[in-house]
Amino acid sequence: MPKKRHVPFEFMKILVCIPDYGEGQKNHLKRILHEYDSMIFDITVAVFLTDDMDFSQFNNIHIQKFFFDREIKLMLAHQHKKFMAENIDNYDLFVYSENDMLITESNIDIFIKLSEKMRGTKFVPGFIRYELKDDNYKYLIDFHSGNCTLRHGSFWMKFYALKHYIVKNKVIESRLELNGEMYFEPNNLHQASYLLTRDQFKMVLGSGSYFKGPDSGFGAVLESAASDVYFRCGLTKLISMDFIQECLIHHLPNKYVNKFSQYNKKEVPNIEKLISIVKGIKN
C-alpha cells in the first residue's frame, strides 16, 4: 500500500543548496545526498565546493557543482543565494543546509503540511537540531540555555553566554495558538538550514535583507547564512507542538554533546523536557 503523504502534489520540484568547504565533512555530505537520492521528489542539489567530489553514485537526483577558491572560507555559505533567487520560478520548494544536516522526506512532508496551514501569514514552520551520544537521548543542542542567545547578534553572544552562568537564559521566545493548534517560537533561531515554499521565498526576497550578508545578521557568518531568513527577512519561525517529533533534524557530527561537558542531560533538554518547558510558559 502506498504511503499516505501530506504533500499537496506528488511531483513537486525541490532545489537544495549545500556548501562544502575543504575535505573534512565529505562523509556527512554523502550521507545527506543518499537521503535526497531516496526521495520521490524531483530534486536538484546545487553543491558549492572548494574541492571536487565524485557524485556518480547518486542516480535519482540532479547534481550541479559550483567551484570556489578556498580563500573564500566561511563566506562560501552565502554563495547559494543568487542562484537560489534566480530559480524562484523553477521550483516549488527551496532548501538550504550546511553539509552536516540530515533533512529527511518526513521533514519535508511535515513542512509542506504546516506551510499549507500557515499560508497567507508571516509564519513559517521550523525544525529542531538534535545530537546523539551513546544512548537514545536526543540532545536538543540549540535549547541549551547558554546557546540560545544568537538572536541578539554576534556582538552580544559572549556576554549572554557569560550571563548563562549567573541567570539562566530563556530558551522559548513565545508561545501562540494558530488555527486551533499550539506553536512556539524558539529564542535561538538557528537550525543550520532553512526550508521555504516559493511564496515564503518571495516574502524573503521582498524584505530587501536576503542579500545583505553577515554584517549585523544573525550570529556569525555561518549562522547568518542559515538563519537570516528568520532574523531579518520578514518571517517568524514556529515549531509545531503537535508534530514536534517530525520537526527533528540530526546534526550528524554530534560534536557538541561529545566534546563539550556543558552539553549534558541536565543542561540540554530532549523532546519531553522541551514540551514541559513550553507548557509552563505564560502567554
# chains A, B, ... in the order shown; residues from 1 in each chain; ligands from 1
>>> residues_around(residues="Asn136 of chain A", least_positions_apart="6", cutoff="12 Å", atoms="only C-alpha atoms", output="count of residues only")
4
>>> closest_atom_pairs(of="segment 160-258 of chain A", to="segment 59-77 of chain A", cutoff="8 Å", atoms="only C-alpha atoms", output="Markdown table")
| residue | atom | partner | partner_atom | distance |
| --- | --- | --- | --- | --- |
| A:Val221 | CA | A:Leu74 | CA | 6.5 |
| A:Leu222 | CA | A:Ala77 | CA | 6.3 |
| A:Ala225 | CA | A:Ala77 | CA | 5.9 |
>>> write_last_selection(atoms="N, CA and C atoms", output="compact mmCIF listing (two decimals), in the first residue's frame")
# COMPACT_ATOMS: atom_id res chain seq x y z
N VAL A 221 29.14 34.31 10.65
CA VAL A 221 28.98 34.13 9.20
C VAL A 221 28.12 32.91 8.86
N LEU A 222 28.43 31.74 9.43
CA LEU A 222 27.67 30.53 9.12
C LEU A 222 26.23 30.64 9.59
N ALA A 225 24.07 32.87 7.32
CA ALA A 225 23.67 32.27 6.04
C ALA A 225 22.44 31.40 6.19
>>> closest_residue(among="A:Ile239, A:Ile14, A:Ile108, A:Ile172", to="Ile281 of chain A", atoms="only C-alpha atoms")
A:Ile172
>>> select_by_dssp(residues="segment 121-230 of chain A", states="strand (DSSP E or B)", output="list in words")
Phe123, Val124, Pro125, Ile128, Arg129, Tyr130, Glu131, Tyr139, Ile172, Glu173, Ser174, Arg175, Leu176, Glu177, Leu178, Glu181, Met182, Tyr183, Phe184, Glu185, Pro186, Ser193, Tyr194, Leu195, Leu196 and Thr197 of chain A
>>> select_by_dssp(residues="segment 80-269 of chain A", states="alpha helix (DSSP H)", output="ChimeraX atom specification")
/A:80-86,105-118,157-164,198-206,221-231,255-259
>>> write_last_selection(atoms="N, CA and C atoms", output="compact mmCIF listing (two decimals), in the first residue's frame")
# COMPACT_ATOMS: atom_id res chain seq x y z
N HIS A 80 25.11 30.58 -2.24
CA HIS A 80 23.93 29.96 -2.86
C HIS A 80 22.82 30.95 -3.16
N LYS A 81 22.83 32.10 -2.54
CA LYS A 81 21.67 32.97 -2.53
C LYS A 81 21.29 33.46 -3.93
N LYS A 82 22.27 33.90 -4.70
CA LYS A 82 21.98 34.42 -6.04
C LYS A 82 21.39 33.32 -6.92
N PHE A 83 21.99 32.12 -6.86
CA PHE A 83 21.49 31.01 -7.67
C PHE A 83 20.08 30.63 -7.26
N MET A 84 19.83 30.60 -5.98
CA MET A 84 18.50 30.23 -5.50
C MET A 84 17.47 31.26 -5.94
N ALA A 85 17.81 32.55 -5.82
CA ALA A 85 16.87 33.60 -6.22
C ALA A 85 16.60 33.58 -7.72
N GLU A 86 17.62 33.29 -8.51
CA GLU A 86 17.44 33.22 -9.96
C GLU A 86 16.49 32.11 -10.38
N GLU A 105 12.75 12.88 4.21
CA GLU A 105 11.50 13.02 3.48
C GLU A 105 10.35 13.33 4.44
N SER A 106 10.38 12.74 5.63
CA SER A 106 9.36 13.04 6.63
C SER A 106 9.40 14.50 7.04
N ASN A 107 10.60 15.07 7.18
CA ASN A 107 10.73 16.50 7.48
C ASN A 107 10.09 17.36 6.40
N ILE A 108 10.35 17.00 5.15
CA ILE A 108 9.79 17.77 4.04
C ILE A 108 8.27 17.64 4.01
N ASP A 109 7.76 16.45 4.24
CA ASP A 109 6.31 16.24 4.27
C ASP A 109 5.63 17.13 5.30
N ILE A 110 6.18 17.16 6.51
CA ILE A 110 5.53 17.93 7.56
C ILE A 110 5.68 19.43 7.31
N PHE A 111 6.80 19.82 6.71
CA PHE A 111 6.97 21.23 6.37
C PHE A 111 5.89 21.69 5.39
N ILE A 112 5.61 20.88 4.37
CA ILE A 112 4.60 21.23 3.40
C ILE A 112 3.21 21.27 4.05
N LYS A 113 2.92 20.30 4.89
CA LYS A 113 1.62 20.27 5.57
C LYS A 113 1.42 21.51 6.43
N LEU A 114 2.43 21.86 7.23
CA LEU A 114 2.30 23.02 8.12
C LEU A 114 2.31 24.33 7.34
N SER A 115 3.06 24.39 6.24
CA SER A 115 3.08 25.59 5.42
C SER A 115 1.71 25.87 4.82
N GLU A 116 0.99 24.82 4.46
CA GLU A 116 -0.37 25.00 3.96
C GLU A 116 -1.25 25.64 5.02
N LYS A 117 -1.07 25.23 6.27
CA LYS A 117 -1.87 25.79 7.36
C LYS A 117 -1.48 27.25 7.63
N MET A 118 -0.25 27.63 7.33
CA MET A 118 0.24 28.97 7.61
C MET A 118 0.16 29.90 6.39
N MET A 157 26.95 37.81 21.80
CA MET A 157 26.97 36.37 22.05
C MET A 157 27.76 36.00 23.31
N LYS A 158 28.97 36.55 23.45
CA LYS A 158 29.81 36.19 24.59
C LYS A 158 29.22 36.73 25.89
N PHE A 159 28.62 37.91 25.82
CA PHE A 159 28.00 38.49 27.01
C PHE A 159 26.88 37.60 27.54
N TYR A 160 26.02 37.15 26.63
CA TYR A 160 24.90 36.32 27.05
C TYR A 160 25.34 34.92 27.46
N ALA A 161 26.40 34.42 26.83
CA ALA A 161 26.93 33.13 27.26
C ALA A 161 27.46 33.21 28.69
N LEU A 162 28.10 34.34 29.03
CA LEU A 162 28.58 34.54 30.40
C LEU A 162 27.39 34.68 31.36
N LYS A 163 26.35 35.37 30.92
CA LYS A 163 25.17 35.55 31.75
C LYS A 163 24.55 34.20 32.12
N HIS A 164 24.70 33.21 31.24
CA HIS A 164 24.14 31.89 31.48
C HIS A 164 24.60 31.32 32.82
N ARG A 198 7.80 28.49 -2.42
CA ARG A 198 8.04 29.62 -3.34
C ARG A 198 7.43 30.91 -2.79
N ASP A 199 6.22 30.83 -2.24
CA ASP A 199 5.59 32.03 -1.69
C ASP A 199 6.38 32.58 -0.51
N GLN A 200 6.87 31.69 0.37
CA GLN A 200 7.67 32.14 1.51
C GLN A 200 8.98 32.76 1.04
N PHE A 201 9.59 32.16 0.02
CA PHE A 201 10.84 32.70 -0.51
C PHE A 201 10.62 34.07 -1.14
N LYS A 202 9.48 34.27 -1.80
CA LYS A 202 9.17 35.58 -2.37
C LYS A 202 9.03 36.62 -1.27
N MET A 203 8.48 36.24 -0.13
CA MET A 203 8.40 37.16 1.01
C MET A 203 9.80 37.54 1.49
N VAL A 204 10.67 36.54 1.57
CA VAL A 204 12.06 36.78 1.99
C VAL A 204 12.75 37.75 1.02
N LEU A 205 12.62 37.50 -0.27
CA LEU A 205 13.26 38.38 -1.26
C LEU A 205 12.66 39.78 -1.19
N GLY A 206 11.36 39.87 -0.94
CA GLY A 206 10.70 41.17 -0.85
C GLY A 206 11.11 41.99 0.35
N VAL A 221 29.14 34.31 10.65
CA VAL A 221 28.98 34.13 9.20
C VAL A 221 28.12 32.91 8.86
N LEU A 222 28.43 31.74 9.43
CA LEU A 222 27.67 30.53 9.12
C LEU A 222 26.23 30.64 9.59
N GLU A 223 26.03 31.13 10.81
CA GLU A 223 24.68 31.25 11.34
C GLU A 223 23.84 32.23 10.52
N SER A 224 24.48 33.31 10.08
CA SER A 224 23.77 34.30 9.27
C SER A 224 23.26 33.69 7.97
N ALA A 225 24.07 32.87 7.32
CA ALA A 225 23.67 32.27 6.04
C ALA A 225 22.44 31.40 6.19
N ALA A 226 22.33 30.72 7.31
CA ALA A 226 21.22 29.79 7.52
C ALA A 226 20.00 30.44 8.17
N SER A 227 20.20 31.47 8.98
CA SER A 227 19.12 31.92 9.85
C SER A 227 18.68 33.35 9.66
N ASP A 228 19.32 34.11 8.76
CA ASP A 228 18.85 35.46 8.49
C ASP A 228 17.44 35.49 7.93
N VAL A 229 17.02 34.41 7.26
CA VAL A 229 15.65 34.39 6.72
C VAL A 229 14.62 34.48 7.84
N TYR A 230 14.99 34.03 9.04
CA TYR A 230 14.10 34.12 10.19
C TYR A 230 14.36 35.38 11.02
N PHE A 231 15.55 35.95 10.87
CA PHE A 231 16.01 37.04 11.74
C PHE A 231 15.63 38.42 11.21
N LYS A 255 28.96 16.77 17.49
CA LYS A 255 30.22 17.29 18.04
C LYS A 255 30.05 18.03 19.37
N TYR A 256 28.92 18.65 19.59
CA TYR A 256 28.75 19.41 20.82
C TYR A 256 28.61 18.49 22.03
N VAL A 257 27.75 17.49 21.91
CA VAL A 257 27.49 16.63 23.07
C VAL A 257 28.66 15.70 23.37
N ASN A 258 29.52 15.48 22.40
CA ASN A 258 30.65 14.57 22.62
C ASN A 258 31.97 15.29 22.88
N LYS A 259 31.96 16.62 22.80
CA LYS A 259 33.20 17.37 23.02
C LYS A 259 33.12 18.36 24.18
>>> decode(residues="segment 171-211 of chain A", atoms="N, CA and C atoms", output="mmCIF file, in the first residue's frame")
data_model
loop_
_atom_site.group_PDB
_atom_site.id
_atom_site.type_symbol
_atom_site.label_atom_id
_atom_site.label_comp_id
_atom_site.auth_asym_id
_atom_site.auth_seq_id
_atom_site.Cartn_x
_atom_site.Cartn_y
_atom_site.Cartn_z
ATOM 1 N N VAL A 171 14.788 29.903 26.812
ATOM 2 C CA VAL A 171 15.011 29.185 25.563
ATOM 3 C C VAL A 171 13.827 29.308 24.610
ATOM 4 N N ILE A 172 12.674 29.783 25.111
ATOM 5 C CA ILE A 172 11.494 29.969 24.280
ATOM 6 C C ILE A 172 11.152 31.451 24.247
ATOM 7 N N GLU A 173 11.031 32.005 23.053
ATOM 8 C CA GLU A 173 10.684 33.420 22.911
ATOM 9 C C GLU A 173 9.201 33.650 23.178
ATOM 10 N N SER A 174 8.346 32.807 22.609
ATOM 11 C CA SER A 174 6.912 32.996 22.812
ATOM 12 C C SER A 174 6.169 31.713 22.462
ATOM 13 N N ARG A 175 4.927 31.631 22.898
ATOM 14 C CA ARG A 175 4.030 30.526 22.572
ATOM 15 C C ARG A 175 2.741 31.126 22.029
ATOM 16 N N LEU A 176 2.196 30.517 20.986
ATOM 17 C CA LEU A 176 0.966 31.065 20.432
ATOM 18 C C LEU A 176 0.115 29.978 19.809
ATOM 19 N N GLU A 177 -1.165 30.290 19.663
ATOM 20 C CA GLU A 177 -2.111 29.375 19.040
ATOM 21 C C GLU A 177 -2.434 29.879 17.643
ATOM 22 N N LEU A 178 -2.423 28.968 16.675
ATOM 23 C CA LEU A 178 -2.692 29.318 15.288
ATOM 24 C C LEU A 178 -3.631 28.269 14.715
ATOM 25 N N ASN A 179 -4.802 28.699 14.262
ATOM 26 C CA ASN A 179 -5.808 27.778 13.704
ATOM 27 C C ASN A 179 -6.119 26.629 14.671
ATOM 28 N N GLY A 180 -6.174 26.962 15.961
ATOM 29 C CA GLY A 180 -6.525 25.969 16.958
ATOM 30 C C GLY A 180 -5.400 25.042 17.358
ATOM 31 N N GLU A 181 -4.184 25.266 16.848
ATOM 32 C CA GLU A 181 -3.036 24.421 17.168
ATOM 33 C C GLU A 181 -1.962 25.242 17.866
ATOM 34 N N MET A 182 -1.182 24.581 18.735
ATOM 35 C CA MET A 182 -0.189 25.281 19.535
ATOM 36 C C MET A 182 1.184 25.234 18.867
ATOM 37 N N TYR A 183 1.850 26.387 18.867
ATOM 38 C CA TYR A 183 3.198 26.523 18.326
ATOM 39 C C TYR A 183 4.047 27.315 19.320
ATOM 40 N N PHE A 184 5.347 27.256 19.149
ATOM 41 C CA PHE A 184 6.222 28.136 19.916
ATOM 42 C C PHE A 184 7.351 28.638 19.033
ATOM 43 N N GLU A 185 7.848 29.820 19.381
ATOM 44 C CA GLU A 185 8.979 30.419 18.686
ATOM 45 C C GLU A 185 10.219 30.261 19.570
ATOM 46 N N PRO A 186 11.256 29.580 19.108
ATOM 47 C CA PRO A 186 12.461 29.433 19.924
ATOM 48 C C PRO A 186 13.235 30.740 20.026
ATOM 49 N N ASN A 187 13.922 30.927 21.121
ATOM 50 C CA ASN A 187 14.770 32.109 21.260
ATOM 51 C C ASN A 187 15.938 32.031 20.283
ATOM 52 N N ASN A 188 16.568 30.873 20.211
ATOM 53 C CA ASN A 188 17.648 30.664 19.249
ATOM 54 C C ASN A 188 17.041 30.236 17.922
ATOM 55 N N LEU A 189 17.141 31.078 16.913
ATOM 56 C CA LEU A 189 16.516 30.813 15.622
ATOM 57 C C LEU A 189 17.314 29.842 14.761
ATOM 58 N N HIS A 190 18.516 29.515 15.169
ATOM 59 C CA HIS A 190 19.417 28.760 14.297
ATOM 60 C C HIS A 190 19.032 27.289 14.211
ATOM 61 N N GLN A 191 19.054 26.757 12.981
ATOM 62 C CA GLN A 191 18.889 25.321 12.761
ATOM 63 C C GLN A 191 19.822 24.840 11.649
ATOM 64 N N ALA A 192 20.814 25.693 11.282
ATOM 65 C CA ALA A 192 21.829 25.368 10.261
ATOM 66 C C ALA A 192 21.203 24.999 8.920
ATOM 67 N N SER A 193 19.997 25.505 8.673
ATOM 68 C CA SER A 193 19.270 25.172 7.449
ATOM 69 C C SER A 193 18.024 26.035 7.384
ATOM 70 N N TYR A 194 17.412 26.070 6.198
ATOM 71 C CA TYR A 194 16.057 26.608 6.096
ATOM 72 C C TYR A 194 15.339 25.953 4.925
ATOM 73 N N LEU A 195 14.027 25.840 5.062
ATOM 74 C CA LEU A 195 13.144 25.378 4.003
ATOM 75 C C LEU A 195 12.127 26.478 3.749
ATOM 76 N N LEU A 196 11.853 26.752 2.472
ATOM 77 C CA LEU A 196 10.891 27.776 2.097
ATOM 78 C C LEU A 196 10.096 27.324 0.886
ATOM 79 N N THR A 197 8.784 27.516 0.925
ATOM 80 C CA THR A 197 7.996 27.365 -0.283
ATOM 81 C C THR A 197 8.294 28.555 -1.195
ATOM 82 N N ARG A 198 7.801 28.494 -2.421
ATOM 83 C CA ARG A 198 8.036 29.619 -3.337
ATOM 84 C C ARG A 198 7.434 30.907 -2.788
ATOM 85 N N ASP A 199 6.221 30.827 -2.243
ATOM 86 C CA ASP A 199 5.589 32.026 -1.688
ATOM 87 C C ASP A 199 6.381 32.575 -0.507
ATOM 88 N N GLN A 200 6.868 31.693 0.369
ATOM 89 C CA GLN A 200 7.672 32.142 1.508
ATOM 90 C C GLN A 200 8.976 32.764 1.041
ATOM 91 N N PHE A 201 9.586 32.160 0.019
ATOM 92 C CA PHE A 201 10.839 32.698 -0.507
ATOM 93 C C PHE A 201 10.619 34.069 -1.139
ATOM 94 N N LYS A 202 9.476 34.269 -1.799
ATOM 95 C CA LYS A 202 9.168 35.580 -2.367
ATOM 96 C C LYS A 202 9.026 36.623 -1.266
ATOM 97 N N MET A 203 8.476 36.240 -0.126
ATOM 98 C CA MET A 203 8.401 37.159 1.010
ATOM 99 C C MET A 203 9.801 37.539 1.487
ATOM 100 N N VAL A 204 10.673 36.544 1.567
ATOM 101 C CA VAL A 204 12.056 36.782 1.988
ATOM 102 C C VAL A 204 12.751 37.749 1.024
ATOM 103 N N LEU A 205 12.624 37.496 -0.267
ATOM 104 C CA LEU A 205 13.255 38.378 -1.257
ATOM 105 C C LEU A 205 12.663 39.784 -1.191
ATOM 106 N N GLY A 206 11.356 39.868 -0.936
ATOM 107 C CA GLY A 206 10.701 41.167 -0.853
ATOM 108 C C GLY A 206 11.111 41.992 0.350
ATOM 109 N N SER A 207 11.733 41.347 1.347
ATOM 110 C CA SER A 207 12.163 42.079 2.548
ATOM 111 C C SER A 207 13.337 43.002 2.285
ATOM 112 N N GLY A 208 14.105 42.721 1.224
ATOM 113 C CA GLY A 208 15.281 43.522 0.925
ATOM 114 C C GLY A 208 16.503 43.179 1.752
ATOM 115 N N SER A 209 16.410 42.157 2.600
ATOM 116 C CA SER A 209 17.519 41.832 3.505
ATOM 117 C C SER A 209 18.223 40.519 3.176
ATOM 118 N N TYR A 210 17.719 39.788 2.194
ATOM 119 C CA TYR A 210 18.247 38.454 1.919
ATOM 120 C C TYR A 210 19.708 38.485 1.477
ATOM 121 N N PHE A 211 20.101 39.520 0.726
ATOM 122 C CA PHE A 211 21.454 39.570 0.172
ATOM 123 C C PHE A 211 22.412 40.442 0.993
#
